[in-house]
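**Student:** You'll find model_34.cif just under this line, and it carries mmCIF, C-alpha atoms.
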data_input
loop_
_atom_site.label_atom_id
_atom_site.label_comp_id
_atom_site.auth_asym_id
_atom_site.auth_seq_id
_atom_site.Cartn_x
_atom_site.Cartn_y
_atom_site.Cartn_z
CA MET H 1 47.12 39.01 -22.29
CA LYS H 2 47.67 35.41 -21.20
CA HIS H 3 48.76 36.57 -17.77
CA SER H 4 48.38 39.89 -16.00
CA SER H 5 50.88 41.32 -13.51
CA GLY H 6 52.08 44.78 -12.55
CA GLU H 7 55.29 44.38 -14.58
CA LEU H 8 53.54 43.08 -17.71
CA LEU H 9 50.94 45.82 -17.55
CA LEU H 10 53.70 48.40 -17.27
CA GLU H 11 55.19 47.08 -20.52
CA SER H 12 51.81 47.49 -22.21
CA TYR H 13 51.45 51.04 -20.86
CA LEU H 14 54.88 52.03 -22.15
CA GLU H 15 54.05 50.62 -25.57
CA CYS H 16 50.82 52.66 -25.61
CA ILE H 17 52.73 55.78 -24.53
CA ARG H 18 55.22 55.32 -27.37
CA LYS H 19 52.33 55.16 -29.85
CA HIS H 20 49.88 57.70 -28.43
CA GLY H 21 51.69 59.94 -25.96
CA ASN H 22 51.70 60.25 -22.19
CA PRO H 23 48.23 59.81 -20.60
CA GLU H 24 47.05 62.41 -18.12
CA ARG H 25 44.95 60.06 -15.96
CA MET H 26 44.04 56.39 -15.61
CA VAL H 27 40.77 55.19 -14.08
CA THR H 28 40.75 51.59 -12.84
CA ASP H 29 38.70 49.15 -10.77
CA GLY H 30 41.41 48.91 -8.12
CA GLY H 31 42.64 45.38 -8.90
CA SER H 32 45.91 44.52 -7.14
CA ASP H 33 47.84 43.99 -10.40
CA ILE H 34 46.56 47.30 -11.82
CA LEU H 35 47.34 49.24 -8.64
CA LYS H 36 50.88 47.87 -8.75
CA SER H 37 51.24 48.78 -12.43
CA ALA H 38 50.02 52.34 -11.70
CA ARG H 39 52.70 52.65 -9.00
CA LEU H 40 55.41 51.26 -11.30
CA LEU H 41 54.35 53.65 -14.07
CA ALA H 42 54.52 56.62 -11.69
CA GLU H 43 58.01 55.57 -10.55
CA TYR H 44 59.14 55.13 -14.17
CA GLN H 45 57.82 58.59 -15.14
CA GLU H 46 59.41 60.26 -12.11
CA SER H 47 62.78 58.64 -12.86
CA ARG H 48 62.66 60.12 -16.37
CA GLU H 49 61.23 63.45 -15.13
CA GLU H 50 58.13 62.99 -17.29
CA PRO H 51 54.62 64.21 -16.36
CA ARG H 52 53.10 61.73 -13.96
CA THR H 53 49.91 59.87 -14.94
CA LYS H 54 47.44 60.30 -12.08
CA HIS H 55 45.48 57.27 -10.95
CA THR H 56 41.80 57.41 -9.96
CA TYR H 57 39.91 54.54 -8.36
CA ASP H 58 36.67 54.21 -10.37
CA ILE H 59 33.87 55.79 -8.37
CA SER H 60 31.46 52.84 -8.80
CA HIS H 61 34.01 50.31 -7.51
CA ARG H 62 35.07 52.68 -4.73
CA ILE H 63 31.49 53.10 -3.52
CA ALA H 64 30.97 49.32 -3.71
CA ARG H 65 33.94 48.74 -1.40
CA ILE H 66 32.67 51.33 1.08
CA VAL H 67 29.23 49.71 1.10
CA GLU H 68 30.78 46.26 1.51
CA ARG H 69 32.77 47.34 4.58
CA GLU H 70 29.60 48.63 6.23
CA LEU H 71 27.10 45.95 5.22
CA ALA H 72 29.12 42.70 5.17
CA PRO H 73 29.34 42.42 9.00
CA CYS H 74 25.84 43.84 9.59
CA GLU H 75 23.52 41.15 11.05
CA ALA H 76 20.35 42.99 9.98
CA TRP H 77 21.60 43.16 6.38
CA GLN H 78 22.61 39.49 6.41
CA LYS H 79 19.08 38.60 7.49
CA LEU H 80 17.51 40.78 4.79
CA GLU H 81 19.78 39.30 2.12
CA GLU H 82 18.92 35.79 3.30
CA LEU H 83 15.18 36.55 3.06
CA ALA H 84 15.55 38.02 -0.44
CA THR H 85 17.61 35.05 -1.62
CA LYS H 86 15.09 32.56 -0.20
CA ALA H 87 12.23 34.42 -1.88
CA ARG H 88 14.08 34.43 -5.21
CA MET H 89 14.84 30.71 -5.02
CA TYR H 90 11.29 29.93 -3.85
CA CYS H 91 9.79 31.74 -6.83
CA LYS H 92 12.32 30.33 -9.27
CA TYR H 93 11.68 26.71 -8.34
CA ARG H 94 8.23 26.66 -6.77
CA ALA H 95 6.06 29.60 -7.80
CA ARG H 96 7.40 31.11 -11.00
CA HIS H 97 4.27 33.20 -11.57
CA LEU H 98 5.22 35.26 -8.48
CA SER H 99 8.54 36.17 -10.12
CA PRO H 100 8.16 38.83 -12.85
CA PRO H 101 10.77 38.70 -15.66
CA ASP H 102 12.68 41.73 -14.36
CA LEU H 103 13.30 39.92 -11.06
CA ARG H 104 14.52 36.62 -12.47
CA HIS H 105 18.19 37.49 -12.82
CA GLY H 106 20.46 36.94 -9.83
CA PRO H 107 21.11 40.14 -7.87
CA ASP H 108 24.61 41.54 -7.90
CA ARG H 109 26.54 41.86 -4.67
CA TRP H 110 28.16 45.20 -3.97
CA MET H 111 28.28 47.00 -7.33
CA ASN H 112 24.49 46.96 -7.50
CA LEU H 113 22.40 46.12 -4.48
CA SER H 114 19.15 47.10 -6.17
CA GLY H 115 18.44 43.46 -7.09
CA ILE H 116 18.41 42.45 -3.41
CA ILE H 117 16.35 45.49 -2.41
CA ARG H 118 13.83 44.85 -5.20
CA TRP H 119 13.42 41.22 -4.11
CA PHE H 120 12.83 42.23 -0.52
CA SER H 121 10.34 44.90 -1.67
CA SER H 122 8.54 42.28 -3.76
CA LEU H 123 8.42 39.97 -0.76
CA LYS H 124 6.97 42.75 1.43
CA GLU H 125 4.28 43.50 -1.14
CA LYS H 126 3.33 39.85 -1.46
CA VAL H 127 3.13 39.32 2.30
CA ALA H 128 1.03 42.51 2.60
CA SER H 129 -1.33 41.29 -0.12
CA LEU H 130 -1.65 37.92 1.64
CA SER H 131 -2.54 39.69 4.89
CA GLN H 132 -5.23 41.64 3.04
CA GLU H 133 -6.57 38.42 1.50
CA VAL H 134 -6.86 36.90 5.00
CA GLU H 135 -8.72 39.99 6.24
CA ASP H 136 -11.07 39.84 3.25
CA GLN H 137 -11.71 36.16 3.90
CA ARG H 138 -12.45 36.81 7.57
CA SER H 139 -14.91 39.57 6.73
CA GLU H 140 -16.73 37.26 4.33
CA ASP H 141 -16.67 34.30 6.73
CA LYS H 142 -14.43 32.35 4.37
CA PRO H 143 -11.67 29.95 5.43
CA GLN H 144 -8.64 31.89 6.62
CA CYS H 145 -6.18 29.88 4.55
CA GLN H 146 -6.37 28.90 0.96
CA ALA H 147 -5.47 25.31 0.10
CA PRO H 148 -1.85 24.87 -1.02
CA ARG H 149 -1.31 24.35 -4.73
CA PHE H 150 0.23 21.16 -6.02
CA GLY H 151 2.85 20.33 -8.64
CA PHE H 152 6.52 19.50 -8.90
CA THR H 153 9.70 21.25 -9.97
CA LEU H 154 12.51 20.60 -12.41
CA ARG H 155 14.72 19.47 -9.54
CA ILE H 156 12.17 16.78 -8.59
CA TRP H 157 11.88 15.77 -12.26
CA GLU H 158 15.67 15.33 -12.47
CA ALA H 159 15.72 13.28 -9.26
CA ALA H 160 12.86 11.08 -10.53
CA LYS H 161 14.54 10.56 -13.88
CA LYS H 162 17.76 9.55 -12.14
CA THR H 163 15.97 6.76 -10.27
CA TYR H 164 14.58 5.40 -13.54
CA ASN H 165 17.54 4.69 -15.79
CA LYS H 166 15.65 3.70 -18.96
CA LYS H 167 15.22 6.28 -21.67
CA ASP H 168 11.50 6.82 -21.93
CA GLY H 169 9.34 9.45 -23.65
CA ILE H 170 7.29 9.65 -20.48
CA PHE H 171 9.84 12.06 -19.05
CA ASN H 172 9.25 14.60 -21.82
CA ALA H 173 5.59 14.76 -20.77
CA LEU H 174 6.64 15.04 -17.13
CA LYS H 175 9.05 17.86 -17.91
CA ARG H 176 6.27 19.87 -19.54
CA MET H 177 4.40 19.68 -16.23
CA CYS H 178 7.33 21.07 -14.24
CA GLY H 179 6.45 24.34 -12.55
CA GLN H 180 2.74 24.01 -13.34
CA GLU H 181 0.47 24.49 -10.35
CA TYR H 182 -2.89 22.91 -9.61
CA PRO H 183 -5.50 24.22 -7.18
CA ASP H 184 -5.83 20.92 -5.33
CA GLN H 185 -4.44 17.42 -5.19
CA GLN H 186 -7.31 15.94 -7.24
CA ALA H 187 -6.64 18.29 -10.17
CA TYR H 188 -2.93 17.52 -9.98
CA GLU H 189 -3.46 13.73 -9.96
CA LYS H 190 -6.00 13.92 -12.80
CA THR H 191 -3.56 15.84 -15.03
CA LEU H 192 -0.72 13.50 -14.10
CA ALA H 193 -2.84 10.47 -15.05
CA GLU H 194 -3.82 12.06 -18.38
CA LYS H 195 -0.34 13.22 -19.37
CA CYS H 196 1.61 10.25 -18.00
CA PRO H 197 -0.69 7.22 -17.89
CA SER H 198 2.14 4.64 -17.73
CA LEU H 199 4.30 6.31 -15.10
CA PRO H 200 6.73 3.86 -13.41
CA ARG H 201 5.72 3.05 -9.84
CA GLU H 202 8.98 4.25 -8.22
CA VAL H 203 8.76 7.57 -10.06
CA LYS H 204 5.09 8.02 -9.07
CA GLU H 205 6.02 7.43 -5.43
CA GLN H 206 8.79 10.01 -5.62
CA LEU H 207 6.46 12.61 -7.15
CA ASP H 208 3.77 11.87 -4.55
CA LEU H 209 6.25 12.58 -1.77
CA ASN H 210 7.09 15.99 -3.25
CA ASN H 211 3.86 17.15 -4.89
CA ASP H 212 3.17 20.01 -2.48
CA LEU H 213 6.41 21.92 -3.09
CA ASN H 214 4.66 24.56 -5.16
CA ARG H 215 2.80 26.27 -2.34
CA THR H 216 2.26 29.81 -3.55
CA TYR H 217 2.16 31.43 -0.13
CA LEU H 218 5.46 32.98 0.94
CA THR H 219 4.76 32.89 4.66
CA ASP H 220 7.37 30.18 5.17
CA VAL H 221 9.96 32.44 3.50
CA SER H 222 8.96 35.69 5.14
CA GLU H 223 9.51 34.84 8.81
CA GLY H 224 11.43 37.69 10.39
CA ILE H 225 10.48 40.23 7.72
CA GLU H 226 9.46 42.84 10.28
CA ALA H 227 12.94 42.85 11.81
CA CYS H 228 14.45 43.80 8.43
CA GLN H 229 12.23 46.79 7.65
CA ALA H 230 14.63 49.36 9.12
CA ILE H 231 17.78 48.16 7.31
CA HIS H 232 15.76 47.84 4.09
CA GLN H 233 14.77 51.50 4.26
CA GLU H 234 18.31 52.60 5.18
CA VAL H 235 19.86 50.79 2.20
CA ALA H 236 17.07 51.86 -0.19
CA ASP H 237 17.72 55.52 0.74
CA LEU H 238 21.47 54.92 0.42
CA LEU H 239 21.01 53.52 -3.11
CA ALA H 240 18.91 56.52 -4.14
CA PHE H 241 21.68 58.83 -2.89
CA SER H 242 24.65 56.92 -4.36
CA ASN H 243 22.88 56.52 -7.73
CA ALA H 244 22.24 60.28 -7.86
CA ILE H 245 25.92 60.97 -7.07
CA GLN H 246 27.15 58.52 -9.70
CA LYS H 247 24.75 59.88 -12.30
CA GLN H 248 26.13 63.36 -11.70
CA VAL H 249 29.84 62.51 -11.92
CA LYS H 250 29.44 59.95 -14.71
CA GLY H 251 27.47 62.28 -16.91
CA ALA H 252 29.50 65.47 -16.44
CA GLY H 253 32.80 64.36 -14.95
CA LEU H 254 33.94 65.92 -11.70
CA THR H 255 34.36 69.71 -11.52
CA LYS H 256 34.31 72.30 -8.77
CA LYS H 257 30.70 73.06 -9.71
CA GLY H 258 29.95 69.32 -9.80
CA LEU H 259 31.34 68.99 -6.28
CA GLU H 260 28.88 71.63 -5.09
CA ILE H 261 26.03 69.73 -6.77
CA CYS H 262 27.12 66.51 -5.03
CA GLN H 263 27.24 68.31 -1.69
CA ASP H 264 23.73 69.66 -2.32
CA ILE H 265 22.47 66.11 -3.14
CA HIS H 266 24.01 64.90 0.11
CA GLY H 267 22.47 67.74 2.09
CA ARG H 268 18.98 67.04 0.73
CA SER H 269 19.17 63.27 1.19
CA LYS H 270 17.50 61.76 4.26
CA LEU H 271 20.09 59.15 5.15
CA THR H 272 19.92 57.23 8.40
CA GLY H 273 21.89 54.44 10.03
CA VAL H 274 24.21 52.63 7.63
CA GLY H 275 23.14 54.97 4.82
CA GLU H 276 24.31 57.98 6.79
CA ARG H 277 27.71 56.41 7.47
CA VAL H 278 28.23 55.34 3.85
CA GLY H 279 26.99 58.70 2.51
CA LYS H 280 29.55 60.54 4.63
CA GLN H 281 32.38 58.32 3.35
CA ILE H 282 31.28 58.74 -0.28
CA MET H 283 31.39 62.53 0.09
CA GLU H 284 34.85 62.33 1.63
CA VAL H 285 36.03 60.41 -1.46
CA ILE H 286 34.43 62.93 -3.87
CA GLU H 287 35.88 65.88 -1.97
CA ASP H 288 39.34 64.28 -1.85
CA ILE H 289 39.39 63.72 -5.64
CA ALA H 290 38.20 67.28 -6.30
CA LYS H 291 40.48 69.09 -3.81
CA ASP H 292 43.20 69.97 -6.38
CA LEU H 293 40.84 70.82 -9.24
CA GLY H 294 41.04 74.21 -10.90
CA GLU H 295 37.89 76.25 -11.50
CA THR H 296 37.58 75.11 -15.14
CA GLU H 297 39.20 71.68 -14.81
CA ARG H 298 37.16 68.52 -15.34
CA ILE H 299 38.26 64.96 -14.67
CA ILE H 300 36.70 61.60 -15.48
CA VAL H 301 36.25 59.43 -12.40
CA THR H 302 34.47 56.42 -13.91
CA SER H 303 35.37 53.57 -16.24
CA ASP H 304 31.71 52.94 -17.08
CA VAL H 305 32.02 53.99 -20.72
CA ILE H 306 34.49 51.27 -21.63
CA GLU H 307 32.87 48.76 -19.25
CA SER H 308 29.44 49.36 -20.78
CA LEU H 309 30.95 48.98 -24.22
CA ASN H 310 32.58 45.70 -23.19
CA GLY H 311 29.27 44.54 -21.70
CA ARG H 312 27.34 45.19 -24.91
CA TRP H 313 30.07 43.51 -26.95
CA LYS H 314 30.05 40.42 -24.71
CA MET H 315 26.26 40.16 -24.99
CA LEU H 316 26.49 40.22 -28.80
CA ILE H 317 29.16 37.53 -29.05
CA ASN H 318 27.85 35.37 -26.22
CA GLY H 319 26.32 32.87 -28.63
CA ALA H 320 29.45 32.59 -30.76
CA ALA H 321 31.38 29.34 -30.90
CA MET H 322 34.55 31.22 -29.96
CA PRO H 323 33.56 34.25 -27.83
CA ALA H 324 37.14 35.46 -27.37
CA LEU H 325 39.21 38.37 -28.67
CA GLY H 326 39.30 38.17 -32.44
CA ILE H 327 37.66 39.65 -35.51
CA ASN H 328 34.49 40.25 -33.50
CA THR H 329 36.39 42.95 -31.59
CA LEU H 330 35.67 45.19 -34.58
CA LEU H 331 32.07 45.31 -33.35
CA MET H 332 33.18 47.59 -30.50
CA PRO H 333 33.68 50.79 -32.55
CA LEU H 334 30.34 50.11 -34.24
CA LEU H 335 28.67 50.10 -30.81
CA MET H 336 29.98 53.61 -30.17
CA GLY H 337 27.90 55.03 -33.02
CA ASP H 338 24.75 54.32 -34.98
CA PRO H 339 25.78 53.25 -38.50
CA ASP H 340 23.11 53.25 -41.20
CA LYS H 341 22.82 51.13 -44.35
CA ILE H 342 24.97 53.55 -46.36
CA ASP H 343 27.81 53.32 -43.81
CA VAL H 344 27.66 49.51 -43.83
CA LYS H 345 27.59 49.35 -47.64
CA GLU H 346 30.58 51.67 -47.91
CA ALA H 347 32.51 49.66 -45.32
CA LEU H 348 31.85 46.39 -47.17
CA LYS H 349 33.10 47.97 -50.41
CA ARG H 350 36.34 49.18 -48.84
CA THR H 351 37.23 46.24 -46.60
CA SER H 352 37.60 42.62 -47.67
CA VAL H 353 37.65 39.46 -45.56
CA ALA H 354 41.38 39.20 -46.32
CA ASP H 355 41.91 42.72 -44.90
CA VAL H 356 40.14 41.76 -41.68
CA ALA H 357 42.06 38.46 -41.39
CA LYS H 358 45.35 40.34 -41.85
CA TRP H 359 44.31 42.90 -39.23
CA LYS H 360 43.47 40.11 -36.79
CA GLN H 361 46.83 38.40 -37.33
CA ASN H 362 48.79 41.65 -36.89
CA THR H 363 46.76 42.70 -33.83
CA PHE H 364 46.40 39.44 -31.91
CA GLY H 365 48.63 36.82 -33.50
CA VAL H 366 47.88 33.44 -31.94
CA THR H 367 45.53 34.10 -29.03
CA PHE H 368 45.46 32.19 -25.76
CA PHE H 369 42.21 30.43 -26.68
CA GLN H 370 43.49 29.42 -30.13
CA GLU H 371 46.56 27.96 -28.50
CA LYS H 372 44.43 26.14 -25.91
CA ARG H 373 42.07 24.80 -28.59
CA ALA H 374 45.02 23.52 -30.65
CA LYS H 375 46.32 21.62 -27.61
CA THR H 376 42.84 20.17 -26.95
CA ARG H 377 42.56 18.97 -30.55
CA LYS H 378 45.96 17.32 -30.23
CA SER H 379 45.04 15.46 -27.05
CA ARG H 380 41.49 14.64 -28.25
CA PRO H 381 41.60 13.74 -31.96
CA GLU H 382 38.44 14.09 -34.04
CA ASN H 383 38.54 10.40 -34.88
CA PRO H 384 37.91 8.60 -31.57
CA GLN H 385 39.49 5.43 -32.98
CA GLU H 386 42.78 7.21 -33.55
CA VAL H 387 45.36 6.45 -30.87
CA ILE H 388 48.26 8.83 -30.26
CA LEU H 389 51.35 6.95 -29.08
#
Can you give me the file's structure in the form of structure tokens?
**Tutor:**
Amino acid sequence: MKHSSGELLLESYLECIRKHGNPERMVTDGGSDILKSARLLAEYQESREEPRTKHTYDISHRIARIVERELAPCEAWQKLEELATKARMYCKYRARHLSPPDLRHGPDRWMNLSGIIRWFSSLKEKVASLSQEVEDQRSEDKPQCQAPRFGFTLRIWEAAKKTYNKKDGIFNALKRMCGQEYPDQQAYEKTLAEKCPSLPREVKEQLDLNNDLNRTYLTDVSEGIEACQAIHQEVADLLAFSNAIQKQVKGAGLTKKGLEICQDIHGRSKLTGVGERVGKQIMEVIEDIAKDLGETERIIVTSDVIESLNGRWKMLINGAAMPALGINTLLMPLLMGDPDKIDVKEALKRTSVADVAKWKQNTFGVTFFQEKRAKTRKSRPENPQEVIL
């Protein structure tokens, strides 16, 4: 759809109903346009005395909103998040070896707080190991602080290159040194002289001013870490509880028996502080959804199946020149199974490129991106000498 609104979505729903029948339930992420369309659909069905399609707010999004309400104004959480973000940026730009691959993606906000918690945990471990190193050094009558390591980052490289406008191969050698660390200033300067013997004076001065940015100790990032220990534990326990609840209802749907299992998980969890408040609200949501369920009735309360499918599809087409809705949409049903060579061979025998092109035209017509690209080509002709009057 080129534009999404409650009224336009209602038209799409009615078209789906004409083709496939009246749906029993819709599970959504609670977007304002979708909530409006769900209300309009219910009003339309009631006016025609048709069975009403029930709407369920996806459990993952619902939990995220509950967590957001509790944590967003919390000063202790804001401090913890700030520490985790500083540690992530520090490792990304200054000490990459302290950042294992599984920590290098940016943490999500409310749908998945585990990224932030993992970064804070990593910071705690590193600070604890540094404290142990200091104790070991004291016991062996060694200096209490190790010398800072030297080097420069990609940001410094970009700033240096900007001050020196000439195109020069020297910057390729400099770039290869970005993020490398050296145990002392002498080792750093020796490598710099070997790799970049004809470095422009103004660039050398700029690097000299910033050559201690790669200090590997995180003590400058970890100030105030002790004050965040309590909220870290509360949120870590909360995540363990909410993940267990979501695993239960996502895997088996929600039933009367499933409600009892969720209540048992809640009873066994050791939630405190913000975790206790959020846990109580999550159970109120689960109990409210399940209150009208029959003994054998089961309902789906998550949109994760289709969202996971979309996620895998987007990852596959991410490198495509045109990663929009099109023929590549046919990858989605393939992702739902595990086709073997025989299946693929049979499919290629039965379906031609012309068949797929016809399907695309009938299904999508001219898409928004095709229309946009056509306009771009018109305003920016391939031949730069061509002038459109």
**Student:** Which value, in Å to one decimal, gives the distance between atom CA of Arg277 of chain H and atom CA of Glu260 of chain H?
**Tutor:**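 So the answer is 19.8 Å.
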**Student:** Hey, which of H:Ala128, H:Lys54, H:Ala244, H:Ile327 ends up closest to Glu226 of chain H? Count all atoms listed in the file.
**Tutor:** H:Ala128
**Student:** Which of these residues is nearest to Phe152 of chain H, using all atoms listed in the file: H:Ile66, H:Val127, H:Ile170, H:Leu207?
**Tutor:**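 The shortest atom-to-atom distance to Phe152 of chain H comes from H:Leu207.
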**Student:** Atom CA of Leu330 of chain H and atom CA of Tyr13 of chain H are how many Å apart?
**Tutor:** 21.7 Å
**Student:** On this structure, which residues satisfy the PyMOL selection byres ((chain H and resi 286) around 10), written as a list in words?
**Tutor:**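 That selection, the PyMOL selection byres ((chain H and resi 286) around 10), comes back as Ile59, Ile245, Val249, Leu254, Gly258, Leu259, Cys262, Gln263, Gln281, Ile282, Met283, Glu284, Val285, Glu287, Asp288, Ile289, Ala290, Lys291 and Val301 of chain H.
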**Student:** So, counting all atoms listed in the file, which residue among H:Val203, H:Leu113, H:Ile34, H:Cys196 is closest to His232 of chain H?
**Tutor:** H:Leu113
**Student:** May I ask which of the residues H:Cys16, H:Leu10, H:Ala160, H:Ala76 is the closest one to Ala42 of chain H, counting all atoms listed in the file?
**Tutor:**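 With all atoms listed in the file as the atom set, the closest residue is H:Leu10.
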**Student:** Counting all atoms listed in the file, which of H:Leu174, H:Ala84, H:Ala374, H:Val221 gets nearest to Leu199 of chain H?
**Tutor:**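 Result for the nearest residue to Leu199 of chain H: H:Leu174.
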**Student:** Taking the file as shown, find all residues satisfying the PyMOL selection byres ((chain H and resi 29) around 8) and write them as a list in words.
**Tutor:** Val27, Thr28, Gly30, Gly31, Tyr57, Asp58, His61, Arg62 and Ser303 of chain H
**Student:** Exactly which residues make up the result of the PyMOL selection byres ((chain H and resi 156) around 10) on this file, given as a PyMOL selection string?
**Tutor:** chain H and resi 93+151-155+157-162+175+178+203+206-207+209-211+213
**Student:** Between atom CA of Gly273 of chain H and atom CA of Lys79 of chain H, measure the distance and give it in Å to one decimal.
**Tutor:** 16.3 Å
